[in-house]
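Worksheet: one structure, shown below.
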Amino acid sequence: MITTIITFIIVFSILVVVHEFGHYYFAKKSGILVREFAIGFGPKIFSYRKNGTTYTLRILPIGGYVRMAGFGEEETEIKPGMPVGLVINSDNLVTTINTSKKTQLLNAVPMEVVALDLEKELFIEGYLAGNEDELIRYSVLREATVIEEDGTEVQIAPIDVQFQSASLPKRMMTNFAGPMNNFILAIIAFTIMAFMQGGVVSHENQLGEIMPNSVAAKAGLKEGDKVLEVAGKKTTTWVEIAQEIQKHPAKKINLKVETTKGETKVISLTPEKQDTGEGKKVGMIGIKAAMDTSFIAKISYGFTQTWFVIVQILTILGSMFTKGFSINMFSGPVGIYATTQQVVQTGFYGVFNWLAFLSVNLGIVNLLPIPALDGGKLLLNIIEGIRRKPLDPEKEGIITMVGFGLLMLLMVLVTWNDIQRYFFN
């Protein structure tokens, strides 16, 4: 149980942090201020500020997030009537605005805020403690910080470094960068796996290891033989060989084989009947696929396997339009945890494969054109490009909120379905 929980936390956190780092990196490159890069959620444990970004470690070690200036957040929650503490430098410019009751700054000047603008004019005005008759106005430094209620110190964001001020191509790249990073992670993970196992399964119709005392061994099949036909059906790939043999449990079939010596012969055998554990019977003869151990095969495996998983996922999503929608097509955190419990038993290699598979899934799901997801944001970017002007912020906010609400509803349904599938059935 402990191993499963730790593995789940590590895998889930890697996926989300890698995803968010994509947004972070391209936002920085695009001149967008990243106010916070958080690992985990909930109350802050530790924070560190550098180059305008506050890096925080939070108490719940699952995932993380990036706060980009002007991107789905209020620039500041400082409102008229709020008491704050101002740190003022020798040039009479505000360098820090403290709104937290948890953080006390000895050199801060207490003020009751009347008005402020931290985006364009960069000022704050109000009444100083003990002098409620005179309205005082201070200019605010461009690099000034706000200490938020929970004690997190983040930099203010003038309008020119906010998300909407970046060019459309830069905003689109920033939105796409999260899923892109997940695909890159999958490619790297699958490539490492290929080197770990010493090669990759060959897609050719060539046989690899023949299991001792198996049906194949008794029939005279040898490693390196090529299976040209199974039960009269031509086979050009390993997958076709396996699929055709599985169709004939306990039934005698003929295999047309080209031996390593270049001879062609027909071999008769009867596949053993084996239970898949799902109530199905399949034929097995005790053969393994040939392994391609070349350097090129290992390097290319990351790309080919990632593409293979992408096609699989898109095929499943496409089936919603042909076979109808089913909640069983989706899996949430509970389902991922339950599967992780099984994967952990297969060892490090299985966990690594699971990480790569989930990374592709996260990338694809985030590219779906649903408001509140990266794909939905990209769709709004495309619409903006066609219209040659941005959508009204209020309308865009409504669209995003509706999308977020539908997403949360789907998440609740998926989670409940996962609980029933894995814990009650």
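Just so we're on the same page: first chain in the structure tokens is A, next is B, and so on; residues restart at 1 for each chain, and ligands are numbered from 1 in the order they show up.
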Hey, what's within 10 Å of Thr264 of chain A if we count only C-alpha atoms and toss same-chain stuff fewer than 4 positions away? As an mmCIF file with N, CA and C atoms, in the first residue's frame, please?
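Written file, out-v2.cif:
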data_model
loop_
_atom_site.group_PDB
_atom_site.id
_atom_site.type_symbol
_atom_site.label_atom_id
_atom_site.label_comp_id
_atom_site.auth_asym_id
_atom_site.auth_seq_id
_atom_site.Cartn_x
_atom_site.Cartn_y
_atom_site.Cartn_z
ATOM 1 N N ASP A 225 13.157 -18.024 -37.608
ATOM 2 C CA ASP A 225 12.230 -18.427 -38.668
ATOM 3 C C ASP A 225 11.225 -17.307 -38.938
ATOM 4 N N LYS A 226 10.775 -17.224 -40.190
ATOM 5 C CA LYS A 226 9.740 -16.256 -40.555
ATOM 6 C C LYS A 226 8.448 -16.990 -40.855
ATOM 7 N N VAL A 227 7.356 -16.548 -40.222
ATOM 8 C CA VAL A 227 6.048 -17.162 -40.441
ATOM 9 C C VAL A 227 5.343 -16.383 -41.547
ATOM 10 N N LEU A 228 5.173 -17.033 -42.691
ATOM 11 C CA LEU A 228 4.578 -16.378 -43.858
ATOM 12 C C LEU A 228 3.052 -16.467 -43.860
ATOM 13 N N LYS A 256 2.961 -21.711 -42.563
ATOM 14 C CA LYS A 256 3.929 -21.697 -43.657
ATOM 15 C C LYS A 256 5.139 -20.899 -43.183
ATOM 16 N N VAL A 257 6.287 -21.548 -43.143
ATOM 17 C CA VAL A 257 7.466 -20.967 -42.510
ATOM 18 C C VAL A 257 8.651 -20.925 -43.466
ATOM 19 N N GLU A 258 9.371 -19.787 -43.414
ATOM 20 C CA GLU A 258 10.649 -19.682 -44.117
ATOM 21 C C GLU A 258 11.744 -19.802 -43.068
ATOM 22 N N THR A 259 12.553 -20.862 -43.153
ATOM 23 C CA THR A 259 13.576 -21.118 -42.138
ATOM 24 C C THR A 259 14.757 -20.182 -42.306
ATOM 25 N N THR A 260 15.645 -20.225 -41.320
ATOM 26 C CA THR A 260 16.841 -19.377 -41.360
ATOM 27 C C THR A 260 17.766 -19.768 -42.512
#
**Asked** Among segment 172-368 of chain A, which residues carry a DSSP assignment of alpha helix (DSSP H), reported as an MDAnalysis selection string?
**Response** chainID A and resid 172:196 215:219 238:246 295:322 333:344 348:366
**Message:** What parts of segment 94-178 of chain A does DSSP call strand (DSSP E or B)? I'd like the answer as a ChimeraX atom specification.
**Reply:** /A:94-98,109-117,123-128,131-147,153-155
Resulting file, chosen residues, N, CA, C and O atoms, as a compact mmCIF listing (two decimals), in the first residue's frame:
# COMPACT_ATOMS: atom_id res chain seq x y z
N VAL A 94 7.09 52.51 -3.25
CA VAL A 94 6.65 51.31 -2.54
C VAL A 94 7.32 50.09 -3.15
O VAL A 94 7.24 49.85 -4.36
N THR A 95 7.99 49.31 -2.32
CA THR A 95 8.66 48.09 -2.81
C THR A 95 7.91 46.82 -2.40
O THR A 95 8.04 45.79 -3.04
N THR A 96 7.12 46.90 -1.32
CA THR A 96 6.36 45.73 -0.85
C THR A 96 5.03 46.19 -0.28
O THR A 96 4.97 47.19 0.45
N ILE A 97 3.98 45.44 -0.62
CA ILE A 97 2.65 45.69 -0.04
C ILE A 97 2.27 44.42 0.72
O ILE A 97 2.08 43.35 0.12
N ASN A 98 2.16 44.52 2.02
CA ASN A 98 1.86 43.36 2.85
C ASN A 98 0.38 43.31 3.19
O ASN A 98 -0.16 44.20 3.84
N VAL A 109 4.89 50.65 6.74
CA VAL A 109 4.01 51.76 7.12
C VAL A 109 2.57 51.32 6.96
O VAL A 109 2.15 50.92 5.87
N PRO A 110 1.76 51.32 8.04
CA PRO A 110 0.36 50.88 7.93
C PRO A 110 -0.49 51.91 7.17
O PRO A 110 -0.36 53.11 7.37
N MET A 111 -1.33 51.40 6.27
CA MET A 111 -2.20 52.26 5.48
C MET A 111 -3.55 51.59 5.27
O MET A 111 -3.64 50.37 5.10
N GLU A 112 -4.62 52.41 5.27
CA GLU A 112 -5.94 51.93 4.86
C GLU A 112 -6.14 52.36 3.41
O GLU A 112 -6.15 53.55 3.10
N VAL A 113 -6.26 51.39 2.52
CA VAL A 113 -6.28 51.67 1.07
C VAL A 113 -7.58 52.35 0.65
O VAL A 113 -8.68 51.96 1.07
N VAL A 114 -7.44 53.39 -0.16
CA VAL A 114 -8.59 54.07 -0.76
C VAL A 114 -8.67 53.75 -2.26
O VAL A 114 -9.73 53.45 -2.79
N ALA A 115 -7.52 53.76 -2.93
CA ALA A 115 -7.48 53.45 -4.36
C ALA A 115 -6.09 52.95 -4.72
O ALA A 115 -5.10 53.27 -4.04
N LEU A 116 -6.02 52.17 -5.80
CA LEU A 116 -4.70 51.70 -6.27
C LEU A 116 -4.81 51.25 -7.72
O LEU A 116 -5.89 50.92 -8.21
N ASP A 117 -3.68 51.25 -8.38
CA ASP A 117 -3.57 50.73 -9.75
C ASP A 117 -2.17 50.14 -9.87
O ASP A 117 -1.18 50.88 -9.89
N PHE A 123 0.30 53.00 -8.68
CA PHE A 123 0.22 53.83 -7.48
C PHE A 123 -0.69 53.17 -6.47
O PHE A 123 -1.48 52.27 -6.78
N ILE A 124 -0.56 53.62 -5.24
CA ILE A 124 -1.47 53.22 -4.17
C ILE A 124 -1.67 54.44 -3.28
O ILE A 124 -0.72 55.17 -3.00
N GLU A 125 -2.91 54.69 -2.88
CA GLU A 125 -3.18 55.83 -2.01
C GLU A 125 -4.17 55.46 -0.92
O GLU A 125 -4.98 54.54 -1.07
N GLY A 126 -4.06 56.16 0.18
CA GLY A 126 -4.94 55.89 1.30
C GLY A 126 -4.55 56.73 2.50
O GLY A 126 -3.81 57.72 2.38
N TYR A 127 -5.06 56.33 3.65
CA TYR A 127 -4.80 57.08 4.89
C TYR A 127 -3.82 56.30 5.75
O TYR A 127 -4.00 55.10 6.00
N LEU A 128 -2.77 56.99 6.18
CA LEU A 128 -1.81 56.35 7.07
C LEU A 128 -2.41 56.27 8.47
O LEU A 128 -3.26 57.08 8.86
N ASN A 131 -3.46 59.23 10.92
CA ASN A 131 -3.63 60.47 10.15
C ASN A 131 -4.70 60.26 9.09
O ASN A 131 -4.43 60.10 7.91
N GLU A 132 -5.95 60.22 9.55
CA GLU A 132 -7.07 59.91 8.66
C GLU A 132 -7.62 61.16 7.96
O GLU A 132 -8.63 61.10 7.27
N ASP A 133 -6.97 62.28 8.12
CA ASP A 133 -7.44 63.51 7.48
C ASP A 133 -6.70 63.79 6.18
O ASP A 133 -7.18 64.55 5.34
N GLU A 134 -5.53 63.18 6.02
CA GLU A 134 -4.72 63.49 4.84
C GLU A 134 -4.57 62.25 3.95
O GLU A 134 -4.10 61.19 4.39
N LEU A 135 -5.00 62.37 2.68
CA LEU A 135 -4.89 61.28 1.73
C LEU A 135 -3.48 61.27 1.14
O LEU A 135 -3.03 62.25 0.56
N ILE A 136 -2.78 60.14 1.32
CA ILE A 136 -1.40 60.01 0.87
C ILE A 136 -1.34 59.10 -0.35
O ILE A 136 -1.98 58.06 -0.39
N ARG A 137 -0.55 59.52 -1.32
CA ARG A 137 -0.40 58.72 -2.56
C ARG A 137 1.08 58.39 -2.76
O ARG A 137 1.93 59.26 -2.71
N TYR A 138 1.36 57.11 -2.99
CA TYR A 138 2.71 56.64 -3.26
C TYR A 138 2.77 56.00 -4.64
O TYR A 138 1.84 55.31 -5.08
N SER A 139 3.88 56.21 -5.33
CA SER A 139 4.14 55.48 -6.57
C SER A 139 4.70 54.11 -6.20
O SER A 139 5.39 53.96 -5.19
N VAL A 140 4.40 53.13 -7.03
CA VAL A 140 4.80 51.75 -6.75
C VAL A 140 5.86 51.32 -7.75
O VAL A 140 5.73 51.53 -8.96
N LEU A 141 6.94 50.73 -7.25
CA LEU A 141 8.02 50.23 -8.10
C LEU A 141 7.51 49.13 -9.03
O LEU A 141 6.67 48.33 -8.65
N ARG A 142 8.02 49.11 -10.28
CA ARG A 142 7.57 48.09 -11.24
C ARG A 142 7.83 46.66 -10.72
O ARG A 142 7.09 45.74 -11.00
N GLU A 143 8.90 46.49 -9.97
CA GLU A 143 9.27 45.17 -9.47
C GLU A 143 8.78 44.97 -8.03
O GLU A 143 9.25 44.06 -7.33
N ALA A 144 7.83 45.79 -7.59
CA ALA A 144 7.32 45.66 -6.23
C ALA A 144 6.63 44.31 -6.04
O ALA A 144 6.19 43.67 -7.00
N THR A 145 6.53 43.87 -4.79
CA THR A 145 5.89 42.59 -4.50
C THR A 145 4.69 42.79 -3.58
O THR A 145 4.58 43.80 -2.88
N VAL A 146 3.79 41.79 -3.63
CA VAL A 146 2.64 41.75 -2.74
C VAL A 146 2.75 40.50 -1.89
O VAL A 146 2.91 39.40 -2.42
N ILE A 147 2.68 40.67 -0.57
CA ILE A 147 2.64 39.51 0.32
C ILE A 147 1.17 39.15 0.50
O ILE A 147 0.41 39.91 1.09
N GLU A 153 4.83 35.64 -1.26
CA GLU A 153 5.23 36.93 -1.82
C GLU A 153 5.37 36.81 -3.34
O GLU A 153 6.18 36.01 -3.83
N VAL A 154 4.55 37.55 -4.08
CA VAL A 154 4.61 37.50 -5.54
C VAL A 154 4.78 38.91 -6.10
O VAL A 154 4.42 39.89 -5.45
N GLN A 155 5.32 38.99 -7.29
CA GLN A 155 5.59 40.29 -7.91
C GLN A 155 4.33 40.84 -8.56
O GLN A 155 3.50 40.09 -9.08
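Among the candidates A:Leu368, A:Leu314, A:Ile210, A:Ala177, the one nearest to Gly224 of chain A when counting only C-alpha atoms is A:Ile210.
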Distance query Thr191 of chain A at most 10 Å, only C-alpha atoms, self and fewer than 4 positions along chain excluded, as a CSV table (one decimal) with N, CA and C atoms, in the first residue's frame:
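To be explicit, this is the file written out as result_18.csv:
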chain,number,residue,atom,x,y,z
A,185,LEU,N,8.1,14.1,-22.8
A,185,LEU,CA,8.4,13.2,-21.7
A,185,LEU,C,8.2,11.7,-22.1
A,186,ALA,N,7.1,11.5,-22.8
A,186,ALA,CA,6.8,10.1,-23.3
A,186,ALA,C,7.8,9.6,-24.2
A,187,ILE,N,8.3,10.4,-25.1
A,187,ILE,CA,9.3,10.0,-26.1
A,187,ILE,C,10.6,9.6,-25.4
A,195,PHE,N,16.4,1.1,-24.3
A,195,PHE,CA,17.8,0.9,-23.9
A,195,PHE,C,17.8,-0.1,-22.7
A,196,MET,N,16.9,0.1,-21.8
A,196,MET,CA,16.9,-0.7,-20.6
A,196,MET,C,16.7,-2.2,-20.9
A,199,GLY,N,16.7,-3.5,-26.4
A,199,GLY,CA,16.2,-3.5,-27.8
A,199,GLY,C,14.7,-3.3,-27.8
A,200,VAL,N,14.1,-3.5,-28.9
A,200,VAL,CA,12.6,-3.3,-29.1
A,200,VAL,C,12.1,-4.5,-29.9
A,297,ALA,N,17.0,1.5,-33.8
A,297,ALA,CA,15.7,1.0,-33.3
A,297,ALA,C,15.3,1.5,-31.9
A,298,LYS,N,16.4,1.5,-31.1
A,298,LYS,CA,16.1,2.0,-29.7
A,298,LYS,C,15.8,3.5,-29.7
A,299,ILE,N,16.5,4.3,-30.5
A,299,ILE,CA,16.2,5.7,-30.5
A,299,ILE,C,14.8,6.0,-31.1
A,300,SER,N,14.5,5.3,-32.2
A,300,SER,CA,13.2,5.6,-32.9
A,300,SER,C,12.0,5.0,-32.1
A,301,TYR,N,12.3,4.1,-31.2
A,301,TYR,CA,11.2,3.5,-30.4
A,301,TYR,C,10.4,4.6,-29.6
A,302,GLY,N,11.1,5.5,-29.1
A,302,GLY,CA,10.4,6.6,-28.3
A,302,GLY,C,9.4,7.3,-29.2
A,303,PHE,N,9.7,7.6,-30.4
A,303,PHE,CA,8.8,8.3,-31.3
A,303,PHE,C,7.7,7.4,-31.8
A,304,THR,N,8.1,6.1,-32.2
A,304,THR,CA,7.1,5.2,-32.8
A,304,THR,C,6.1,4.8,-31.7
A,305,GLN,N,6.5,4.5,-30.5
A,305,GLN,CA,5.6,4.0,-29.5
A,305,GLN,C,4.7,5.2,-29.0
A,306,THR,N,5.3,6.4,-28.9
A,306,THR,CA,4.4,7.5,-28.5
A,306,THR,C,3.3,7.7,-29.6
A,356,ALA,N,5.1,6.8,-19.1
A,356,ALA,CA,5.1,7.2,-20.5
A,356,ALA,C,3.7,7.2,-21.1
**Request:** Extract, using only C-alpha atoms, all DNA, RNA and protein residues at most 8 Å from Gln246 of chain A, discarding same-chain residues fewer than 6 positions from it, and format them as an NGL selection string.
**Result:** :A and (271 or 282-284)
**Message:** Quick one: residues within 12 Å of Tyr349 of chain A, only C-alpha atoms, excluding same-chain residues fewer than 3 positions away - as a ChimeraX atom specification?
**Reply:** /A:189-190,192-197,343-346,352-356
Please produce an output containing C-alpha atoms for each residue in the selection, written as a PDB file, in the first residue's frame.
ATOM      1  CA  ALA A 189      10.662   7.578 -21.313  1.00  0.00           C
ATOM      2  CA  PHE A 190       9.944   5.089 -24.118  1.00  0.00           C
ATOM      3  CA  ILE A 192      15.035   4.920 -22.090  1.00  0.00           C
ATOM      4  CA  MET A 193      12.876   1.783 -21.823  1.00  0.00           C
ATOM      5  CA  ALA A 194      14.205   0.547 -25.173  1.00  0.00           C
ATOM      6  CA  PHE A 195      17.779   0.854 -23.913  1.00  0.00           C
ATOM      7  CA  MET A 196      16.865  -0.706 -20.558  1.00  0.00           C
ATOM      8  CA  GLN A 197      15.477  -3.848 -22.198  1.00  0.00           C
ATOM      9  CA  VAL A 343       1.707  -1.775 -12.261  1.00  0.00           C
ATOM     10  CA  VAL A 344       3.882  -1.561  -9.120  1.00  0.00           C
ATOM     11  CA  GLN A 345       3.900  -5.367  -8.997  1.00  0.00           C
ATOM     12  CA  THR A 346       5.617  -5.504 -12.406  1.00  0.00           C
ATOM     13  CA  PHE A 352       8.281   3.548 -16.319  1.00  0.00           C
ATOM     14  CA  ASN A 353       6.016   2.282 -19.097  1.00  0.00           C
ATOM     15  CA  TRP A 354       2.966   3.470 -17.128  1.00  0.00           C
ATOM     16  CA  LEU A 355       4.521   6.936 -16.717  1.00  0.00           C
ATOM     17  CA  ALA A 356       5.087   7.227 -20.479  1.00  0.00           C
TER      18      ALA A 356
END
**Request:** Kindly indicate which residue among A:Ser30, A:Asn361, A:Gln342, A:Asn107 lies nearest to Thr3 of chain A, using only C-alpha atoms for the distances.
**Result:** A:Gln342
**Message:** Applying 9 Å and only C-alpha atoms, which residues near Ile9 of chain A remain after dropping the ones on its own chain fewer than 3 positions away? List them as a VMD selection string.
**Reply:** chain A and resid 4 to 6 12 to 14 61 to 63
Restricting it to C-alpha atoms, dump the selection as a short mmCIF file (atom, residue, chain, number, x, y, z; two decimals), in the first residue's frame.
data_model
loop_
_atom_site.label_atom_id
_atom_site.label_comp_id
_atom_site.auth_asym_id
_atom_site.auth_seq_id
_atom_site.Cartn_x
_atom_site.Cartn_y
_atom_site.Cartn_z
CA THR A 4 1.65 2.20 -4.33
CA ILE A 5 0.88 5.56 -2.70
CA ILE A 6 4.47 6.78 -3.06
CA PHE A 12 1.37 12.03 -10.94
CA SER A 13 3.64 14.84 -9.76
CA ILE A 14 6.17 14.24 -12.56
CA PRO A 61 2.56 16.58 -2.92
CA ILE A 62 0.37 15.90 -5.95
CA GLY A 63 0.96 17.89 -9.11
#
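The gap separating atom CA of Phe41 of chain A from atom CA of Gly64 of chain A is 6.3 Å, in Å to one decimal.
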**Asked** Residues at most 12 Å from Lys218 of chain A, counting only C-alpha atoms, excluding those fewer than 3 positions away in the same chain, as number ranges by chain?
**Response** A: 210-215, 221-222, 267-271, 285-287
Could you please take those selected residues and save C-alpha atoms as a PDB file, in the first residue's frame?
ATOM      1  CA  ILE A 210      11.087 -20.304 -28.584  1.00  0.00           C
ATOM      2  CA  MET A 211       9.987 -21.422 -25.118  1.00  0.00           C
ATOM      3  CA  PRO A 212      11.390 -24.851 -24.059  1.00  0.00           C
ATOM      4  CA  ASN A 213       8.941 -27.782 -24.263  1.00  0.00           C
ATOM      5  CA  SER A 214       6.329 -25.531 -25.881  1.00  0.00           C
ATOM      6  CA  VAL A 215       4.061 -26.407 -28.814  1.00  0.00           C
ATOM      7  CA  LEU A 221      10.103 -23.965 -35.030  1.00  0.00           C
ATOM      8  CA  LYS A 222      13.434 -22.146 -34.527  1.00  0.00           C
ATOM      9  CA  ILE A 267       4.385 -27.055 -40.103  1.00  0.00           C
ATOM     10  CA  SER A 268       1.238 -28.465 -38.477  1.00  0.00           C
ATOM     11  CA  LEU A 269       0.559 -27.809 -34.806  1.00  0.00           C
ATOM     12  CA  THR A 270      -2.249 -27.371 -32.294  1.00  0.00           C
ATOM     13  CA  PRO A 271      -2.142 -24.195 -30.122  1.00  0.00           C
ATOM     14  CA  ILE A 285       2.258 -21.937 -28.930  1.00  0.00           C
ATOM     15  CA  GLY A 286       5.131 -20.548 -26.810  1.00  0.00           C
ATOM     16  CA  ILE A 287       6.893 -18.039 -29.045  1.00  0.00           C
TER      17      ILE A 287
END
**Prompt:** Interatomic distance between atom CA of Ser294 of chain A and atom CA of His203 of chain A?
**Reply:** 13.6 Å
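Comparing A:Ile398, A:Ala231, A:Ile313, A:Leu413 by their smallest distance to Ile253 of chain A, the closest is A:Ala231 (using only C-alpha atoms).
Proximity to Val34 of chain A was assessed for A:Val161, A:Leu15, A:Leu373, A:Ile2 counting only C-alpha atoms; the smallest distance is recorded for A:Val161.
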